[in-house]
Every structure is written in structure tokens, then in C-alpha cells.
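Notes follow once the structure below has been shown.
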Amino acid sequence: MSKSKDTSVASHPLPSYLNADHLGPWGIYLQQVDRVTPYLGSLARWVETLKRPKRILVVDVPIELDNGTIAHYEGYRVQHNLSRGPGKGGVRFHQDVTLSEVMALSAWMSIKNAAVNVPYGGAKGGIRVDPRTLSRAELERLTRRYTSEIGMMIGPSKDIPAPDVNTNGQIMAWMMDTYSMNTGATSTGVVTGKPVDLGGSLGRVEATGRGVFTVGIEAAKLSGLSIQGAKVAVQGFGNVGGTAGKLFADAGAHVVAVQDHTGTIHNAKGLDVNALLEHVAKHGGVGGFTGAEKMESDAFWGVDCDILIPAALEGQITKDNAGKIKAKLVIEGANGPTTPEADDILNDKGVLVLPDVIANAGGVTVSYFEWVQDFSSFFWTEDEINARLVRIMQEAFAGVWAVAQEHKVSLRTATFIVACKRILHAREMRGLYP
Ligand SMILES: NC(=O)c1ccc[n+]([C@@H]2O[C@H](COP(=O)([O-])OP(=O)(O)OC[C@H]3O[C@@H](n4cnc5c(N)ncnc54)[C@H](O)[C@@H]3O)[C@@H](O)[C@H]2O)c1
């Protein structure tokens, strides 16, 4: 007779490469996992799998600068979990990138990919560099050397990078070319977020904002909020915030306030979003837009609105401003915009928060479509892409909503429950090797 399995959760010490006093973003992720563990049933015996990235690569990225000196940068690629498929996650170029941050972002990718049920694990990469200090030629050398250094880990069926903060279609084109040169064959499927002429997908640029809009509409329906005439405030009017703002305005909502790094603007009657997008494209930000009044940046959080979309940076909604928020619905376009304390304050106030791990998953969903199209070298129309994106986002959101109702938990915890169960179920079915 087989021995019955011990389903209790064993406690493990932190890996020696982590410092318990300085866990950084990884510490927030660990708290989120602890929060869902009681809901995992017998799968909880595998939970330690989620608390340790599968594989971490730290690389030195040396390049010759244009002035002839040699500069060294710290680069990372972390594969958090590969139980459900190859790694998938962006590459961030930022001076504040740390291993803890890349680890946490890789883990959030595992959760996000499982939440929308695309067949990927979670991964993330980064270089600790301020790309604005580099010339275009230096940036290209940096990207190519980094791609070569992490070349052993990435590949169309191993781990597929994509753009993140300060990386874009051009960087993806250089990564694809470098990988292809190193392997001796054009390999478009090694990265997503490529330019359309190089195997990129139609609809990818707008995908994250469209996903934000889609889950927002679903949540509004379920909570009895009419989009027609709803007041929307958006922080960050770049790719995600600009697209989401436009889609909400097209659906009859009024975008009443927008904040970005150049200023905060307000118009209680609703801004002309198309004119604002044109202004941002021309001037690099919303500052100086004439169809609105200027506003103090702190006042943005207390603005009279029904829907608030943080779509800029992490850590924006904090214990200091969460209490002022008047919105009924917060849709997280950015990754990690709400601190855990602020999350609890919003929850106590009855504000419905649609968490990043589901709300901004539209980008990775269309990245998945791009990868599928690259494999088959057969490209879909934009309408097909948008229709498939909307269906996936609606189904994923409905599943998360049902779990939140069943367990009376926040949508963030519900998303983690759905995703962690999928990941750990895959782990259990595959079994431990050897
Ligand atoms: N682009 C995607 O597909 C995607 C997918 C998932 C998540 N995200 C997340 O969404 C967020 C925005 O990404 P994006 O692609 O739209 O970037 P982007 O560079 O196109 O836009 C960023 C916006 O944030 C604003 N901003 C920067 N600093 C600010 C500050 N201090 N205060 C207020 N606004 C500030 C900028 O002015 C800009 O409007 C990031 O957190 C990113 O990780 C993006």
C-alpha cells in the first residue's frame, strides 16, 4: 500500500543569496504567495517551488563606449518557473534594476501567464543601466552583448524575452538578429514585441491598453457602473495609459484627469483624448496641453472620478494617498503600482482593484499570438487578434471573479489562487525529475 502524502507545508530557509533584511520586491511577492497558500489545498505541498526561481543568470556586459573607454554593466535573466512552458517575460534597461526586482518581475510573469492561461512559464531580464546615457551605437552594442551572454538560456522553445521599461521594438530587433547570428538561422520567435516587418504582430502595441479596457468593462458591468459618462483618471499617458484612455473615451467615458512625468492636467467635462494623444506624440508629455487646467501633482489622487488607471510606475498608490482616492474601480495598467498597505486601505474603503497580474496581461497575450504566428509564418489580421485577445481576457477575468466570490477574497488574491493552482498542478503532473 502506498504511503499517504504529507500535504503540510514544510518551512525552508531563505536561499543563501538572499538577505532577509533587504528582500526588496521579492519580499512583496513572497508575502503574496503566503497569502494564497491556505487556498491551495493539497497542492500547497509544492508551494516552495514558487518561492525559489528555477534559474538565475547574472552576467557581466562589457562594451566599448564611443570615447574608447570600456564600461561594464550588470545584466540578469531569471527563469522563475517553467512548469507550464517556456519562460516569457520582458527585458528592462534601468539604472535601478536589481536581482530582487528581476526575480519578483519574473515571478509575476509566471502568475500573469498562468492567470490568462497562455502556455508559458515566467521569466524576466534586465540590465542595470540608464540607457539615456548611451548613444544609439552603444545601446546596440550593449543589447547584442547582453543577448549573447544570456544566449544559453533563451530560445523560441526555452525562454522568449520581450520589451519592458526602456526597451522597444528596435532593441527586440537587435536581440533577434544577435540570437539568429549566433545560432546560424533567422529565429524570429526568440523574442516578441518585434517590429511588424520582422515578424511582429499587428495589435501588439495597443494590446496591454486594450486588455486594461476589456477587464475594466467587465468589472464595471459586474459592479453596476455605467461606462457612458463615467469619469476616468489616468496616470501615465504612454503606451498603456494612452491606449486605455482612448478606448474608454471612445466608449463614452470622460477622461477628466491625466498625470505623466511632465505634469498633471484636469478638465471636469472630459479631455479631448485624440488631441491629447497628438500633443503627447509631438511634445513628449501632457504638460502644456491647452484643452485642460493644470493641477498640483498630489491633487491627482483625490480627483473626482469613477475609474482610476495607474499606468506609469510601480509604488504609486501608497498608504499616504490611498485614503484620498474617490474612484470605485482601480485598474492596474502598470506593474506593481499599489503597495500592500494601500491595497488594504482601498479594500477597506470598498474600492474594487483589478490587479496588474490580470489587468495588464493583454500585452503578453498578444506576445503569445506573435510567437504562434512566427512559428507558423502565417500572420493574422488585426481584427482576428483583437477578437482573440478580448475573448481570452474576458474568460480569464470571469474565472478570477468567480474565485473571488467563492472565497470572499480580493481579486489580487483570487488571481494568485487561480494562477498558483495552475502552476502547481502542472508541477505535480510532471513530477520531480529524476
Ligand atoms: N507596454 C506594455 O505592453 C506593458 C505590459 C504590461 C505592463 N506594462 C507596464 O505599464 C507601465 C507603463 O508602461 P508603458 O509601456 O505604457 O510605458 P511608456 O514609457 O509608454 O509610458 C510611461 C508613462 O508613464 C509616465 N511617467 C513616467 N514617470 C512618471 C512619474 N514620475 N509620474 C507620473 N507619470 C510618469 C510617462 O510620462 C509616460 O506617460 C509600466 O509599469 C509597465 O511595466 C506595460
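Letters for chains follow the order of the C-alpha cells (A, B, ...), residue numbers begin at 1 for each chain, and ligand numbers begin at 1 in the order shown.
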Write out as a PDB file with C-alpha atoms, in the first residue's frame each polymer residue whose atoms come within 6 Å of Gly362 of chain A, counting only C-alpha atoms; drop sequence neighbours fewer than 5 positions from it.
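Saved the output as out-v4.pdb:
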```
ATOM      1  CA  ALA A 207      -2.662  45.113 -26.630  1.00  0.00           C
ATOM      2  CA  THR A 208      -1.960  45.996 -22.997  1.00  0.00           C
ATOM      3  CA  GLY A 211      -6.673  44.379 -22.115  1.00  0.00           C
TER       4      GLY A 211
END
```
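Once only C-alpha atoms and all ligand atoms are used for the distance check, the residues close to ligand 1 at 7 Å turn out to be Asp164, Val165, Asn166, Val205, Ala207, Thr208, Gln235, Gly236, Phe237, Gly238, Asn239, Val240, Gly241, Gln259, Asp260, His261, Thr262, Gly285, Ala311, Ala312, Leu313, Glu314, Gly333, Ala334, Asn335, Asn360, Ala361, Gly363 and Val364 of chain A.
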Same residues, C-alpha atoms, output as a PDB file, in the first residue's frame:
```pdb
ATOM      1  CA  ASP A 164       9.735  46.265 -20.823  1.00  0.00           C
ATOM      2  CA  VAL A 165      10.712  49.617 -19.341  1.00  0.00           C
ATOM      3  CA  ASN A 166      13.125  51.438 -21.714  1.00  0.00           C
ATOM      4  CA  VAL A 205       1.404  47.906 -29.402  1.00  0.00           C
ATOM      5  CA  ALA A 207      -2.662  45.113 -26.630  1.00  0.00           C
ATOM      6  CA  THR A 208      -1.960  45.996 -22.997  1.00  0.00           C
ATOM      7  CA  GLN A 235      -1.604  58.205 -14.531  1.00  0.00           C
ATOM      8  CA  GLY A 236       0.877  57.665 -17.356  1.00  0.00           C
ATOM      9  CA  PHE A 237      -0.221  58.506 -20.883  1.00  0.00           C
ATOM     10  CA  GLY A 238       2.254  56.324 -22.756  1.00  0.00           C
ATOM     11  CA  ASN A 239       1.577  53.050 -24.477  1.00  0.00           C
ATOM     12  CA  VAL A 240      -0.706  51.550 -21.818  1.00  0.00           C
ATOM     13  CA  GLY A 241      -2.385  54.651 -20.358  1.00  0.00           C
ATOM     14  CA  GLN A 259      -0.778  62.794 -14.994  1.00  0.00           C
ATOM     15  CA  ASP A 260       2.593  61.994 -16.502  1.00  0.00           C
ATOM     16  CA  HIS A 261       6.222  62.935 -15.841  1.00  0.00           C
ATOM     17  CA  THR A 262       5.648  66.350 -17.449  1.00  0.00           C
ATOM     18  CA  GLY A 285       4.145  64.550 -22.438  1.00  0.00           C
ATOM     19  CA  ALA A 311      -0.343  53.153 -15.920  1.00  0.00           C
ATOM     20  CA  ALA A 312       3.073  54.616 -15.152  1.00  0.00           C
ATOM     21  CA  LEU A 313       5.368  53.195 -12.493  1.00  0.00           C
ATOM     22  CA  GLU A 314       5.389  50.851  -9.522  1.00  0.00           C
ATOM     23  CA  GLY A 333      -2.139  49.063 -16.056  1.00  0.00           C
ATOM     24  CA  ALA A 334       1.351  49.405 -14.556  1.00  0.00           C
ATOM     25  CA  ASN A 335       3.158  46.557 -12.840  1.00  0.00           C
ATOM     26  CA  ASN A 360      -2.230  44.242 -17.869  1.00  0.00           C
ATOM     27  CA  ALA A 361      -1.954  40.694 -19.216  1.00  0.00           C
ATOM     28  CA  GLY A 363       0.411  42.524 -23.733  1.00  0.00           C
ATOM     29  CA  VAL A 364       1.720  39.059 -23.030  1.00  0.00           C
TER      30      VAL A 364
END
```
Strand (DSSP E or B) residues, from DSSP on the backbone, in segment 46-167 of chain A, as a PyMOL selection string: chain A and resi 55-64+70-81+87-94+122-128+155+159-163
- request: Quick one: pick out all alpha helix (DSSP H) residues within segment 85-214 of chain A from a backbone DSSP run and write them as a ChimeraX atom specification.
  value: /A:99-115,136-149,169-183,204-214
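Shortest atom-to-atom contact with Asp343 of chain A among A:Leu411, A:Met175, A:Ala299, A:Trp371: A:Leu411, counting only C-alpha atoms.
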Mind running segment 150-224 of chain A against segment 350-358 of chain A at 12 Å and telling me each contacting residue's nearest atom pair with the distance in Å (one decimal), counting only C-alpha atoms, chain and number ascending, as a tab-separated table?
```
residue	atom	partner	partner_atom	distance
A:Thr208	CA	A:Ile358	CA	10.5
A:Gly209	CA	A:Asp356	CA	11.8
A:Gly211	CA	A:Ile358	CA	8.7
A:Val212	CA	A:Ile358	CA	8.6
A:Phe213	CA	A:Leu354	CA	11.1
A:Thr214	CA	A:Ile358	CA	10.8
A:Val215	CA	A:Leu354	CA	7.8
A:Gly216	CA	A:Leu354	CA	7.8
A:Ile217	CA	A:Leu354	CA	11.2
A:Glu218	CA	A:Leu354	CA	10.5
A:Ala219	CA	A:Leu354	CA	8.1
A:Ala220	CA	A:Leu352	CA	9.7
A:Leu222	CA	A:Leu352	CA	10.9
A:Ser223	CA	A:Leu352	CA	8.9
```
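For Pro86 of chain A, the residues within 8 Å (counting only C-alpha atoms, excluding itself and residues fewer than 6 positions away along the chain) are Pro119, Tyr120, Gly121, Gly122, Ser157, Lys158, Asp159 and Ile160 of chain A.
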Contacts of Thr338 of chain A within 9 Å, only C-alpha atoms, excl. fewer than 4 positions in-chain, as a list in words: Pro310, Glu314, Gly315, Gln316, Ile317, Thr318, Ala322, Glu332, Ala342, Asp343 and Pro355 of chain A
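With only C-alpha atoms as the basis for measurement, A:Met103 is the residue among A:His94, A:Ala253, A:Met103, A:Pro38 that approaches Ile56 of chain A most closely.
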Would you kindly return, as a PDB file with C-alpha atoms, in the first residue's frame, each protein, DNA or RNA residue with an atom no farther than 7 Å from any atom of Val91 of chain A, considering only C-alpha atoms and excluding same-chain residues fewer than 6 positions away?
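Final file, result_4.pdb:
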```pdb
ATOM      1  CA  LYS A 124      12.404  38.415 -16.794  1.00  0.00           C
ATOM      2  CA  GLY A 125      15.668  40.096 -17.626  1.00  0.00           C
ATOM      3  CA  GLY A 126      17.376  43.381 -17.111  1.00  0.00           C
ATOM      4  CA  PRO A 161      12.154  37.914 -23.976  1.00  0.00           C
ATOM      5  CA  ALA A 162      10.041  40.970 -24.857  1.00  0.00           C
ATOM      6  CA  PRO A 163      10.162  44.743 -24.280  1.00  0.00           C
ATOM      7  CA  ASP A 164       9.735  46.265 -20.823  1.00  0.00           C
ATOM      8  CA  THR A 167      13.263  48.649 -24.281  1.00  0.00           C
TER       9      THR A 167
END
```
Surrounding residues of Val232 of chain A excluding itself and chain neighbours under 5 positions, 9 Å, only C-alpha atoms, as a ChimeraX atom specification: /A:245,248-249,253-258,270,304-309,327
Can you write just those residues out, C-alpha atoms, as a short mmCIF file (atom, residue, chain, number, x, y, z; two decimals), in the first residue's frame?
```cif
data_model
loop_
_atom_site.label_atom_id
_atom_site.label_comp_id
_atom_site.auth_asym_id
_atom_site.auth_seq_id
_atom_site.Cartn_x
_atom_site.Cartn_y
_atom_site.Cartn_z
CA GLY A 245 -7.71 56.30 -22.10
CA PHE A 248 -12.60 54.43 -22.55
CA ALA A 249 -13.26 57.80 -24.22
CA ALA A 253 -16.44 57.79 -20.71
CA HIS A 254 -14.88 61.18 -19.87
CA VAL A 255 -11.15 61.23 -19.23
CA VAL A 256 -11.11 64.02 -16.65
CA ALA A 257 -7.51 63.95 -15.36
CA VAL A 258 -4.16 62.76 -16.67
CA GLY A 270 -13.62 65.46 -20.20
CA ASP A 304 -13.39 63.25 -8.58
CA CYS A 305 -13.55 60.12 -10.75
CA ASP A 306 -15.19 56.70 -11.06
CA ILE A 307 -12.27 54.82 -12.58
CA LEU A 308 -8.57 55.32 -11.82
CA ILE A 309 -5.94 53.76 -14.07
CA ALA A 327 -12.73 56.05 -7.69
#
```
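Pairwise distance (atom CA of Lys194 of chain A, atom CA of Gln170 of chain A) equals 7.3 Å.
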field: Pick from A:Tyr146, A:Tyr29, A:Tyr433, A:Tyr17, whichever lies nearest to Thr339 of chain A using only C-alpha atoms
entry: A:Tyr29
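Atom CA of Ala359 of chain A lies 12.4 Å from atom CA of Leu389 of chain A.
Closest approach to Val33 of chain A among A:Glu149, A:Thr413, A:Trp401, A:Arg422: A:Thr413, based on only C-alpha atoms.
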